[in-house]
Amino acid sequence: MFGLGKKKKTISVVAPITGNAVPLEQVDDPAFAQKIIGDGLAIEPEQGVMVAPFDGHVIHLIDSHHSLVLGHESGLELLFHIGVNTVSLKGEPFTPHVKTGDKVKQGDVLIEFDMDKIRAAGLPVITPVVVANGDAVAELKTKLGPVKKNETEIMEIVMKK
C-alpha cells in the first residue's frame, strides 16, 4: 500500500460511467479544469447511465439531478457532475434513481441521462468526477483511457486517517 508505514485507508474507485477517462484540464469549465472544486478526472460518456463506484451513501442530490455527492465510509466524498452548465436544463434530461440520504451498493444506478438532449442544448456531456473533500486525502492516483462502468478502476485514493 504505497509503503506508507502507517495503515491508512485506501479506496478503489471504479468507473461510474462507460467511456473515456481524461484529465480534468479537458473540461471546458475553469472551476473543474483548474481543480478549484477539487482533484480528479473526467469521463467522456458513451452511455447515459451513472452507477455507484463504491458502497456508500448519497450526501446530496442536486435538485436539477445533474450532479450528486457520494460518501464512502472512510469519509471520502466524491462529486459527480454530468456535463457542463447542465444545471440550465432544469433536470429535463436526467432521471435520478436515488435521493439524498440513500445508501447505495457499488453498481447501483444513480442517474440516467439523455446524452442527445444534453448535446441538442449545445452542452458537452463530459462528466467530472472530483474529490469534494481533498483535505482528507493523502494521495490520489488516477487512471486515464477507456473505462467500463462498475469494472475499470479509475482512482486509488489514500485517506489521511
# chains A, B, ... in the order shown; residues from 1 in each chain; ligands from 1
call {"tool": "residues_around", "arguments": {"residues": "A:Ala136", "least_positions_apart": "6", "cutoff": "10 Å", "atoms": "only C-alpha atoms", "output": "PyMOL selection string"}}
result
chain A and resi 74-77+158-161
call {"tool": "residues_around", "arguments": {"residues": "A:Leu89", "least_positions_apart": "4", "cutoff": "10 Å", "atoms": "only C-alpha atoms", "output": "list in words"}}
result
Ser64, His65, His66, Asn85, Pro93, Phe94, Lys117, Ile118, Ala121 and Leu123 of chain A
call {"tool": "write_last_selection", "arguments": {"atoms": "all heavy atoms", "output": "PDB file, in the first residue's frame"}}
result
ATOM      1  N   SER A  64     -31.649  19.715  -9.648  1.00  0.00           N
ATOM      2  CA  SER A  64     -31.801  19.554 -11.102  1.00  0.00           C
ATOM      3  C   SER A  64     -31.270  18.201 -11.588  1.00  0.00           C
ATOM      4  O   SER A  64     -31.240  17.950 -12.789  1.00  0.00           O
ATOM      5  CB  SER A  64     -31.114  20.700 -11.844  1.00  0.00           C
ATOM      6  OG  SER A  64     -29.786  20.825 -11.404  1.00  0.00           O
ATOM      7  N   HIS A  65     -30.866  17.359 -10.647  1.00  0.00           N
ATOM      8  CA  HIS A  65     -30.492  15.960 -10.885  1.00  0.00           C
ATOM      9  C   HIS A  65     -29.299  15.737 -11.809  1.00  0.00           C
ATOM     10  O   HIS A  65     -29.070  14.623 -12.253  1.00  0.00           O
ATOM     11  CB  HIS A  65     -31.694  15.158 -11.404  1.00  0.00           C
ATOM     12  CG  HIS A  65     -32.876  15.257 -10.507  1.00  0.00           C
ATOM     13  ND1 HIS A  65     -34.151  15.302 -10.981  1.00  0.00           N
ATOM     14  CD2 HIS A  65     -32.982  15.358  -9.156  1.00  0.00           C
ATOM     15  CE1 HIS A  65     -35.001  15.411  -9.983  1.00  0.00           C
ATOM     16  NE2 HIS A  65     -34.312  15.451  -8.858  1.00  0.00           N
ATOM     17  N   HIS A  66     -28.517  16.779 -12.088  1.00  0.00           N
ATOM     18  CA  HIS A  66     -27.348  16.643 -12.961  1.00  0.00           C
ATOM     19  C   HIS A  66     -26.071  16.353 -12.173  1.00  0.00           C
ATOM     20  O   HIS A  66     -25.030  16.095 -12.760  1.00  0.00           O
ATOM     21  CB  HIS A  66     -27.144  17.930 -13.780  1.00  0.00           C
ATOM     22  CG  HIS A  66     -26.673  19.077 -12.940  1.00  0.00           C
ATOM     23  ND1 HIS A  66     -27.513  19.755 -12.079  1.00  0.00           N
ATOM     24  CD2 HIS A  66     -25.454  19.631 -12.808  1.00  0.00           C
ATOM     25  CE1 HIS A  66     -26.820  20.692 -11.455  1.00  0.00           C
ATOM     26  NE2 HIS A  66     -25.568  20.641 -11.882  1.00  0.00           N
ATOM     27  N   ASN A  85     -22.482  23.099 -17.432  1.00  0.00           N
ATOM     28  CA  ASN A  85     -23.596  24.064 -17.455  1.00  0.00           C
ATOM     29  C   ASN A  85     -24.957  23.386 -17.601  1.00  0.00           C
ATOM     30  O   ASN A  85     -25.927  24.007 -18.039  1.00  0.00           O
ATOM     31  CB  ASN A  85     -23.402  25.117 -18.560  1.00  0.00           C
ATOM     32  CG  ASN A  85     -22.192  25.977 -18.303  1.00  0.00           C
ATOM     33  OD1 ASN A  85     -21.891  26.328 -17.168  1.00  0.00           O
ATOM     34  ND2 ASN A  85     -21.465  26.297 -19.360  1.00  0.00           N
ATOM     35  N   PRO A  93     -33.136  16.330 -18.897  1.00  0.00           N
ATOM     36  CA  PRO A  93     -32.621  15.064 -19.444  1.00  0.00           C
ATOM     37  C   PRO A  93     -32.125  14.058 -18.396  1.00  0.00           C
ATOM     38  O   PRO A  93     -31.482  13.075 -18.742  1.00  0.00           O
ATOM     39  CB  PRO A  93     -31.470  15.522 -20.339  1.00  0.00           C
ATOM     40  CG  PRO A  93     -31.034  16.826 -19.790  1.00  0.00           C
ATOM     41  CD  PRO A  93     -32.186  17.414 -19.022  1.00  0.00           C
ATOM     42  N   PHE A  94     -32.436  14.280 -17.131  1.00  0.00           N
ATOM     43  CA  PHE A  94     -31.895  13.450 -16.045  1.00  0.00           C
ATOM     44  C   PHE A  94     -32.998  12.691 -15.304  1.00  0.00           C
ATOM     45  O   PHE A  94     -34.014  13.270 -14.939  1.00  0.00           O
ATOM     46  CB  PHE A  94     -31.121  14.322 -15.055  1.00  0.00           C
ATOM     47  CG  PHE A  94     -30.056  15.156 -15.717  1.00  0.00           C
ATOM     48  CD1 PHE A  94     -30.287  16.492 -16.004  1.00  0.00           C
ATOM     49  CD2 PHE A  94     -28.844  14.599 -16.077  1.00  0.00           C
ATOM     50  CE1 PHE A  94     -29.324  17.269 -16.646  1.00  0.00           C
ATOM     51  CE2 PHE A  94     -27.872  15.363 -16.718  1.00  0.00           C
ATOM     52  CZ  PHE A  94     -28.112  16.686 -17.000  1.00  0.00           C
ATOM     53  N   LYS A 117     -30.210  14.837 -25.694  1.00  0.00           N
ATOM     54  CA  LYS A 117     -30.880  16.071 -25.252  1.00  0.00           C
ATOM     55  C   LYS A 117     -29.864  17.087 -24.722  1.00  0.00           C
ATOM     56  O   LYS A 117     -30.009  18.287 -24.950  1.00  0.00           O
ATOM     57  CB  LYS A 117     -31.922  15.768 -24.172  1.00  0.00           C
ATOM     58  CG  LYS A 117     -33.206  15.195 -24.711  1.00  0.00           C
ATOM     59  CD  LYS A 117     -34.251  15.048 -23.618  1.00  0.00           C
ATOM     60  CE  LYS A 117     -35.531  14.454 -24.165  1.00  0.00           C
ATOM     61  NZ  LYS A 117     -36.527  14.231 -23.116  1.00  0.00           N
ATOM     62  N   ILE A 118     -28.852  16.593 -24.012  1.00  0.00           N
ATOM     63  CA  ILE A 118     -27.822  17.497 -23.483  1.00  0.00           C
ATOM     64  C   ILE A 118     -27.068  18.140 -24.650  1.00  0.00           C
ATOM     65  O   ILE A 118     -26.879  19.357 -24.687  1.00  0.00           O
ATOM     66  CB  ILE A 118     -26.862  16.742 -22.535  1.00  0.00           C
ATOM     67  CG1 ILE A 118     -27.636  16.252 -21.294  1.00  0.00           C
ATOM     68  CG2 ILE A 118     -25.683  17.638 -22.143  1.00  0.00           C
ATOM     69  CD1 ILE A 118     -26.855  15.280 -20.418  1.00  0.00           C
ATOM     70  N   ALA A 121     -28.936  20.759 -26.603  1.00  0.00           N
ATOM     71  CA  ALA A 121     -28.959  22.057 -25.920  1.00  0.00           C
ATOM     72  C   ALA A 121     -27.629  22.795 -26.091  1.00  0.00           C
ATOM     73  O   ALA A 121     -27.443  23.886 -25.550  1.00  0.00           O
ATOM     74  CB  ALA A 121     -29.265  21.855 -24.439  1.00  0.00           C
ATOM     75  N   LEU A 123     -24.656  21.678 -25.091  1.00  0.00           N
ATOM     76  CA  LEU A 123     -23.793  21.494 -23.927  1.00  0.00           C
ATOM     77  C   LEU A 123     -22.981  20.200 -24.039  1.00  0.00           C
ATOM     78  O   LEU A 123     -23.468  19.201 -24.576  1.00  0.00           O
ATOM     79  CB  LEU A 123     -24.645  21.454 -22.648  1.00  0.00           C
ATOM     80  CG  LEU A 123     -25.498  22.693 -22.392  1.00  0.00           C
ATOM     81  CD1 LEU A 123     -26.408  22.466 -21.198  1.00  0.00           C
ATOM     82  CD2 LEU A 123     -24.621  23.917 -22.181  1.00  0.00           C
TER      83      LEU A 123
END
call {"tool": "closest_residue", "arguments": {"among": "A:Asn20, A:Thr95, A:Asn133, A:Thr142", "to": "A:Leu70", "atoms": "only C-alpha atoms"}}
result
A:Asn133
call {"tool": "residues_around", "arguments": {"residues": "A:Lys149", "least_positions_apart": "5", "cutoff": "8 Å", "atoms": "only C-alpha atoms", "output": "number ranges by chain"}}
result
A: 14-18, 50-51, 53, 107
call {"tool": "residues_around", "arguments": {"residues": "A:Ser67", "least_positions_apart": "2", "cutoff": "10 Å", "atoms": "only C-alpha atoms", "output": "PyMOL selection string"}}
result
chain A and resi 60-65+69-70+79-83+86-87+91+94+96+111+127-128
call {"tool": "write_last_selection", "arguments": {"atoms": "N, CA, C and O atoms", "output": "PDB file, in the first residue's frame"}}
result
ATOM      1  N   HIS A  60     -25.722  14.323  -1.124  1.00  0.00           N
ATOM      2  CA  HIS A  60     -26.598  15.360  -1.666  1.00  0.00           C
ATOM      3  C   HIS A  60     -26.850  15.119  -3.147  1.00  0.00           C
ATOM      4  O   HIS A  60     -25.906  14.967  -3.916  1.00  0.00           O
ATOM      5  N   LEU A  61     -28.116  15.081  -3.526  1.00  0.00           N
ATOM      6  CA  LEU A  61     -28.516  15.056  -4.928  1.00  0.00           C
ATOM      7  C   LEU A  61     -29.000  16.459  -5.256  1.00  0.00           C
ATOM      8  O   LEU A  61     -29.935  16.966  -4.619  1.00  0.00           O
ATOM      9  N   ILE A  62     -28.359  17.098  -6.233  1.00  0.00           N
ATOM     10  CA  ILE A  62     -28.740  18.448  -6.643  1.00  0.00           C
ATOM     11  C   ILE A  62     -30.163  18.423  -7.208  1.00  0.00           C
ATOM     12  O   ILE A  62     -30.538  17.479  -7.905  1.00  0.00           O
ATOM     13  N   ASP A  63     -30.959  19.451  -6.920  1.00  0.00           N
ATOM     14  CA  ASP A  63     -32.371  19.498  -7.328  1.00  0.00           C
ATOM     15  C   ASP A  63     -32.584  19.270  -8.822  1.00  0.00           C
ATOM     16  O   ASP A  63     -33.593  18.705  -9.226  1.00  0.00           O
ATOM     17  N   SER A  64     -31.649  19.715  -9.648  1.00  0.00           N
ATOM     18  CA  SER A  64     -31.801  19.554 -11.102  1.00  0.00           C
ATOM     19  C   SER A  64     -31.270  18.201 -11.588  1.00  0.00           C
ATOM     20  O   SER A  64     -31.240  17.950 -12.789  1.00  0.00           O
ATOM     21  N   HIS A  65     -30.866  17.359 -10.647  1.00  0.00           N
ATOM     22  CA  HIS A  65     -30.492  15.960 -10.885  1.00  0.00           C
ATOM     23  C   HIS A  65     -29.299  15.737 -11.809  1.00  0.00           C
ATOM     24  O   HIS A  65     -29.070  14.623 -12.253  1.00  0.00           O
ATOM     25  N   VAL A  69     -23.265  14.223  -4.716  1.00  0.00           N
ATOM     26  CA  VAL A  69     -22.086  13.926  -3.909  1.00  0.00           C
ATOM     27  C   VAL A  69     -22.348  12.594  -3.226  1.00  0.00           C
ATOM     28  O   VAL A  69     -23.401  12.401  -2.603  1.00  0.00           O
ATOM     29  N   LEU A  70     -21.381  11.686  -3.362  1.00  0.00           N
ATOM     30  CA  LEU A  70     -21.487  10.355  -2.784  1.00  0.00           C
ATOM     31  C   LEU A  70     -20.427  10.197  -1.701  1.00  0.00           C
ATOM     32  O   LEU A  70     -19.269  10.567  -1.909  1.00  0.00           O
ATOM     33  N   LEU A  79     -17.726  14.108  -5.885  1.00  0.00           N
ATOM     34  CA  LEU A  79     -18.725  14.878  -6.612  1.00  0.00           C
ATOM     35  C   LEU A  79     -18.753  14.383  -8.053  1.00  0.00           C
ATOM     36  O   LEU A  79     -17.706  14.251  -8.686  1.00  0.00           O
ATOM     37  N   PHE A  80     -19.942  14.101  -8.552  1.00  0.00           N
ATOM     38  CA  PHE A  80     -20.147  13.700  -9.943  1.00  0.00           C
ATOM     39  C   PHE A  80     -21.002  14.776 -10.588  1.00  0.00           C
ATOM     40  O   PHE A  80     -22.062  15.129 -10.061  1.00  0.00           O
ATOM     41  N   HIS A  81     -20.555  15.301 -11.736  1.00  0.00           N
ATOM     42  CA  HIS A  81     -21.257  16.412 -12.383  1.00  0.00           C
ATOM     43  C   HIS A  81     -21.443  16.061 -13.852  1.00  0.00           C
ATOM     44  O   HIS A  81     -20.501  16.144 -14.633  1.00  0.00           O
ATOM     45  N   ILE A  82     -22.652  15.678 -14.237  1.00  0.00           N
ATOM     46  CA  ILE A  82     -22.917  15.247 -15.606  1.00  0.00           C
ATOM     47  C   ILE A  82     -23.000  16.462 -16.517  1.00  0.00           C
ATOM     48  O   ILE A  82     -23.909  17.286 -16.399  1.00  0.00           O
ATOM     49  N   GLY A  83     -22.029  16.580 -17.409  1.00  0.00           N
ATOM     50  CA  GLY A  83     -21.994  17.671 -18.363  1.00  0.00           C
ATOM     51  C   GLY A  83     -21.503  18.979 -17.765  1.00  0.00           C
ATOM     52  O   GLY A  83     -21.157  19.059 -16.587  1.00  0.00           O
ATOM     53  N   THR A  86     -25.043  22.126 -17.212  1.00  0.00           N
ATOM     54  CA  THR A  86     -26.291  21.354 -17.372  1.00  0.00           C
ATOM     55  C   THR A  86     -27.339  21.716 -16.323  1.00  0.00           C
ATOM     56  O   THR A  86     -28.490  21.308 -16.459  1.00  0.00           O
ATOM     57  N   VAL A  87     -26.971  22.486 -15.319  1.00  0.00           N
ATOM     58  CA  VAL A  87     -27.973  22.978 -14.366  1.00  0.00           C
ATOM     59  C   VAL A  87     -29.030  23.790 -15.121  1.00  0.00           C
ATOM     60  O   VAL A  87     -30.193  23.824 -14.738  1.00  0.00           O
ATOM     61  N   GLY A  91     -33.142  19.810 -14.955  1.00  0.00           N
ATOM     62  CA  GLY A  91     -33.482  18.421 -14.686  1.00  0.00           C
ATOM     63  C   GLY A  91     -34.054  17.652 -15.854  1.00  0.00           C
ATOM     64  O   GLY A  91     -34.208  16.431 -15.788  1.00  0.00           O
ATOM     65  N   PHE A  94     -32.436  14.280 -17.131  1.00  0.00           N
ATOM     66  CA  PHE A  94     -31.895  13.450 -16.045  1.00  0.00           C
ATOM     67  C   PHE A  94     -32.998  12.691 -15.304  1.00  0.00           C
ATOM     68  O   PHE A  94     -34.014  13.270 -14.939  1.00  0.00           O
ATOM     69  N   PRO A  96     -33.145  10.576 -11.917  1.00  0.00           N
ATOM     70  CA  PRO A  96     -32.444  10.061 -10.736  1.00  0.00           C
ATOM     71  C   PRO A  96     -33.079   8.752 -10.255  1.00  0.00           C
ATOM     72  O   PRO A  96     -34.289   8.576 -10.343  1.00  0.00           O
ATOM     73  N   ILE A 111     -28.052   7.776 -11.627  1.00  0.00           N
ATOM     74  CA  ILE A 111     -28.760   8.701 -12.516  1.00  0.00           C
ATOM     75  C   ILE A 111     -28.652   8.180 -13.948  1.00  0.00           C
ATOM     76  O   ILE A 111     -27.579   7.759 -14.374  1.00  0.00           O
ATOM     77  N   THR A 127     -18.140  14.402 -18.029  1.00  0.00           N
ATOM     78  CA  THR A 127     -18.595  14.285 -16.647  1.00  0.00           C
ATOM     79  C   THR A 127     -17.425  14.267 -15.665  1.00  0.00           C
ATOM     80  O   THR A 127     -16.734  13.255 -15.545  1.00  0.00           O
ATOM     81  N   PRO A 128     -17.178  15.378 -14.968  1.00  0.00           N
ATOM     82  CA  PRO A 128     -16.133  15.389 -13.948  1.00  0.00           C
ATOM     83  C   PRO A 128     -16.483  14.487 -12.762  1.00  0.00           C
ATOM     84  O   PRO A 128     -17.644  14.404 -12.344  1.00  0.00           O
TER      85      PRO A 128
END
call {"tool": "residues_around", "arguments": {"residues": "stretch 31-47 of chain A", "least_positions_apart": "2", "cutoff": "7 Å", "atoms": "only C-alpha atoms", "output": "list in words"}}
result
Ile17, Thr18, Gly19, Asn20, Ala21, Val22, Pro23, Leu24, Glu25, Gln26, Val27, Asp28, Asp29, Val49, Val125, Ile126, Thr127, Pro128, Val129, Val130, Val131, Ala132, Gly134 and Thr142 of chain A
call {"tool": "residues_around", "arguments": {"residues": "A:Ala52", "least_positions_apart": "5", "cutoff": "8 Å", "atoms": "only C-alpha atoms", "output": "PDB file with all heavy atoms, in the first residue's frame"}}
result
ATOM      1  N   PRO A  16     -17.848   5.173 -12.817  1.00  0.00           N
ATOM      2  CA  PRO A  16     -19.300   5.276 -12.662  1.00  0.00           C
ATOM      3  C   PRO A  16     -20.024   5.285 -14.014  1.00  0.00           C
ATOM      4  O   PRO A  16     -21.231   5.101 -14.075  1.00  0.00           O
ATOM      5  CB  PRO A  16     -19.483   6.608 -11.946  1.00  0.00           C
ATOM      6  CG  PRO A  16     -18.326   7.422 -12.403  1.00  0.00           C
ATOM      7  CD  PRO A  16     -17.189   6.450 -12.586  1.00  0.00           C
ATOM      8  N   VAL A 104     -26.233   3.183  -0.984  1.00  0.00           N
ATOM      9  CA  VAL A 104     -26.068   2.548  -2.292  1.00  0.00           C
ATOM     10  C   VAL A 104     -24.966   1.503  -2.228  1.00  0.00           C
ATOM     11  O   VAL A 104     -24.049   1.587  -1.406  1.00  0.00           O
ATOM     12  CB  VAL A 104     -25.744   3.572  -3.400  1.00  0.00           C
ATOM     13  CG1 VAL A 104     -26.910   4.536  -3.609  1.00  0.00           C
ATOM     14  CG2 VAL A 104     -24.475   4.346  -3.101  1.00  0.00           C
ATOM     15  N   LYS A 105     -25.071   0.525  -3.101  1.00  0.00           N
ATOM     16  CA  LYS A 105     -24.043  -0.500  -3.276  1.00  0.00           C
ATOM     17  C   LYS A 105     -23.336  -0.223  -4.591  1.00  0.00           C
ATOM     18  O   LYS A 105     -23.942   0.308  -5.539  1.00  0.00           O
ATOM     19  CB  LYS A 105     -24.668  -1.905  -3.326  1.00  0.00           C
ATOM     20  CG  LYS A 105     -25.290  -2.344  -2.020  1.00  0.00           C
ATOM     21  CD  LYS A 105     -24.228  -2.751  -1.063  1.00  0.00           C
ATOM     22  CE  LYS A 105     -24.796  -3.365   0.204  1.00  0.00           C
ATOM     23  NZ  LYS A 105     -23.782  -3.517   1.222  1.00  0.00           N
ATOM     24  N   GLN A 106     -22.068  -0.603  -4.675  1.00  0.00           N
ATOM     25  CA  GLN A 106     -21.329  -0.440  -5.913  1.00  0.00           C
ATOM     26  C   GLN A 106     -22.122  -1.069  -7.056  1.00  0.00           C
ATOM     27  O   GLN A 106     -22.604  -2.186  -6.944  1.00  0.00           O
ATOM     28  CB  GLN A 106     -19.960  -1.098  -5.806  1.00  0.00           C
ATOM     29  CG  GLN A 106     -19.132  -0.930  -7.067  1.00  0.00           C
ATOM     30  CD  GLN A 106     -17.769  -1.574  -6.960  1.00  0.00           C
ATOM     31  OE1 GLN A 106     -17.124  -1.511  -5.920  1.00  0.00           O
ATOM     32  NE2 GLN A 106     -17.328  -2.195  -8.033  1.00  0.00           N
ATOM     33  N   GLY A 107     -22.285  -0.326  -8.142  1.00  0.00           N
ATOM     34  CA  GLY A 107     -23.006  -0.807  -9.314  1.00  0.00           C
ATOM     35  C   GLY A 107     -24.457  -0.369  -9.372  1.00  0.00           C
ATOM     36  O   GLY A 107     -25.086  -0.460 -10.428  1.00  0.00           O
ATOM     37  N   ASP A 108     -25.010   0.116  -8.244  1.00  0.00           N
ATOM     38  CA  ASP A 108     -26.395   0.616  -8.261  1.00  0.00           C
ATOM     39  C   ASP A 108     -26.490   1.817  -9.204  1.00  0.00           C
ATOM     40  O   ASP A 108     -25.620   2.691  -9.206  1.00  0.00           O
ATOM     41  CB  ASP A 108     -26.845   1.077  -6.870  1.00  0.00           C
ATOM     42  CG  ASP A 108     -27.111  -0.065  -5.902  1.00  0.00           C
ATOM     43  OD1 ASP A 108     -27.054  -1.246  -6.307  1.00  0.00           O
ATOM     44  OD2 ASP A 108     -27.355   0.242  -4.713  1.00  0.00           O
ATOM     45  N   VAL A 109     -27.575   1.881  -9.977  1.00  0.00           N
ATOM     46  CA  VAL A 109     -27.785   3.022 -10.864  1.00  0.00           C
ATOM     47  C   VAL A 109     -28.118   4.253 -10.017  1.00  0.00           C
ATOM     48  O   VAL A 109     -29.013   4.208  -9.173  1.00  0.00           O
ATOM     49  CB  VAL A 109     -28.904   2.742 -11.891  1.00  0.00           C
ATOM     50  CG1 VAL A 109     -29.195   3.987 -12.722  1.00  0.00           C
ATOM     51  CG2 VAL A 109     -28.528   1.578 -12.804  1.00  0.00           C
ATOM     52  N   LEU A 110     -27.379   5.344 -10.254  1.00  0.00           N
ATOM     53  CA  LEU A 110     -27.605   6.604  -9.546  1.00  0.00           C
ATOM     54  C   LEU A 110     -28.484   7.536 -10.377  1.00  0.00           C
ATOM     55  O   LEU A 110     -29.487   8.038  -9.898  1.00  0.00           O
ATOM     56  CB  LEU A 110     -26.274   7.289  -9.234  1.00  0.00           C
ATOM     57  CG  LEU A 110     -25.270   6.508  -8.375  1.00  0.00           C
ATOM     58  CD1 LEU A 110     -23.955   7.261  -8.278  1.00  0.00           C
ATOM     59  CD2 LEU A 110     -25.850   6.232  -7.000  1.00  0.00           C
ATOM     60  N   ASN A 150     -18.562   0.217 -13.465  1.00  0.00           N
ATOM     61  CA  ASN A 150     -18.584  -0.837 -12.456  1.00  0.00           C
ATOM     62  C   ASN A 150     -17.500  -1.893 -12.655  1.00  0.00           C
ATOM     63  O   ASN A 150     -17.573  -2.955 -12.068  1.00  0.00           O
ATOM     64  CB  ASN A 150     -19.975  -1.499 -12.382  1.00  0.00           C
ATOM     65  CG  ASN A 150     -20.170  -2.251 -11.072  1.00  0.00           C
ATOM     66  OD1 ASN A 150     -19.661  -1.834 -10.029  1.00  0.00           O
ATOM     67  ND2 ASN A 150     -20.872  -3.350 -11.117  1.00  0.00           N
TER      68      ASN A 150
END
call {"tool": "select_by_dssp", "arguments": {"residues": "stretch 46-151 of chain A", "states": "helix (DSSP H, G or I)", "output": "PyMOL selection string"}}
result
chain A and resi 86-89+115-120+134-136
call {"tool": "write_last_selection", "arguments": {"atoms": "all heavy atoms", "output": "compact mmCIF listing (two decimals), in the first residue's frame"}}
result
# COMPACT_ATOMS: atom_id res chain seq x y z
N THR A 86 -25.04 22.13 -17.21
CA THR A 86 -26.29 21.35 -17.37
C THR A 86 -27.34 21.72 -16.32
O THR A 86 -28.49 21.31 -16.46
CB THR A 86 -26.00 19.85 -17.36
OG1 THR A 86 -25.13 19.54 -16.26
CG2 THR A 86 -25.36 19.40 -18.66
N VAL A 87 -26.97 22.49 -15.32
CA VAL A 87 -27.97 22.98 -14.37
C VAL A 87 -29.03 23.79 -15.12
O VAL A 87 -30.19 23.82 -14.74
CB VAL A 87 -27.32 23.80 -13.22
CG1 VAL A 87 -26.72 25.10 -13.73
CG2 VAL A 87 -28.31 24.06 -12.11
N SER A 88 -28.62 24.41 -16.23
CA SER A 88 -29.54 25.22 -17.03
C SER A 88 -30.67 24.40 -17.65
O SER A 88 -31.69 24.95 -18.07
CB SER A 88 -28.77 25.94 -18.14
OG SER A 88 -28.23 25.00 -19.06
N LEU A 89 -30.52 23.08 -17.69
CA LEU A 89 -31.54 22.21 -18.29
C LEU A 89 -32.67 21.88 -17.30
O LEU A 89 -33.64 21.22 -17.66
CB LEU A 89 -30.90 20.93 -18.82
CG LEU A 89 -29.83 21.15 -19.88
CD1 LEU A 89 -29.18 19.82 -20.27
CD2 LEU A 89 -30.41 21.84 -21.10
N MET A 115 -28.03 11.77 -23.35
CA MET A 115 -26.90 12.50 -23.93
C MET A 115 -27.32 13.31 -25.15
O MET A 115 -26.80 14.41 -25.36
CB MET A 115 -25.77 11.53 -24.28
CG MET A 115 -25.17 10.85 -23.07
SD MET A 115 -23.65 9.94 -23.39
CE MET A 115 -24.14 8.82 -24.68
N ASP A 116 -28.26 12.81 -25.93
CA ASP A 116 -28.70 13.53 -27.12
C ASP A 116 -29.38 14.85 -26.75
O ASP A 116 -29.16 15.87 -27.39
CB ASP A 116 -29.65 12.67 -27.97
CG ASP A 116 -28.93 11.49 -28.62
OD1 ASP A 116 -27.69 11.57 -28.82
OD2 ASP A 116 -29.61 10.48 -28.91
N LYS A 117 -30.21 14.84 -25.69
CA LYS A 117 -30.88 16.07 -25.25
C LYS A 117 -29.86 17.09 -24.72
O LYS A 117 -30.01 18.29 -24.95
CB LYS A 117 -31.92 15.77 -24.17
CG LYS A 117 -33.21 15.19 -24.71
CD LYS A 117 -34.25 15.05 -23.62
CE LYS A 117 -35.53 14.45 -24.16
NZ LYS A 117 -36.53 14.23 -23.12
N ILE A 118 -28.85 16.59 -24.01
CA ILE A 118 -27.82 17.50 -23.48
C ILE A 118 -27.07 18.14 -24.65
O ILE A 118 -26.88 19.36 -24.69
CB ILE A 118 -26.86 16.74 -22.53
CG1 ILE A 118 -27.64 16.25 -21.29
CG2 ILE A 118 -25.68 17.64 -22.14
CD1 ILE A 118 -26.85 15.28 -20.42
N ARG A 119 -26.66 17.32 -25.62
CA ARG A 119 -25.93 17.84 -26.79
C ARG A 119 -26.82 18.77 -27.63
O ARG A 119 -26.34 19.78 -28.15
CB ARG A 119 -25.42 16.68 -27.64
CG ARG A 119 -24.26 15.94 -26.99
CD ARG A 119 -23.71 14.87 -27.92
NE ARG A 119 -22.65 14.12 -27.28
CZ ARG A 119 -22.68 12.81 -27.07
NH1 ARG A 119 -23.72 12.08 -27.46
NH2 ARG A 119 -21.67 12.21 -26.48
N ALA A 120 -28.11 18.43 -27.74
CA ALA A 120 -29.04 19.27 -28.52
C ALA A 120 -29.16 20.67 -27.90
O ALA A 120 -29.42 21.64 -28.61
CB ALA A 120 -30.41 18.61 -28.60
N GLY A 134 -10.90 17.19 -0.56
CA GLY A 134 -9.49 16.91 -0.79
C GLY A 134 -8.60 17.04 0.43
O GLY A 134 -7.55 16.39 0.51
N ASP A 135 -9.02 17.83 1.43
CA ASP A 135 -8.22 18.00 2.64
C ASP A 135 -8.12 16.70 3.44
O ASP A 135 -7.22 16.53 4.26
CB ASP A 135 -8.80 19.11 3.52
CG ASP A 135 -10.26 18.90 3.88
OD1 ASP A 135 -10.99 18.26 3.09
OD2 ASP A 135 -10.68 19.37 4.95
N ALA A 136 -8.99 15.73 3.17
CA ALA A 136 -8.97 14.44 3.88
C ALA A 136 -8.15 13.38 3.14
O ALA A 136 -7.98 12.27 3.63
CB ALA A 136 -10.40 13.94 4.08
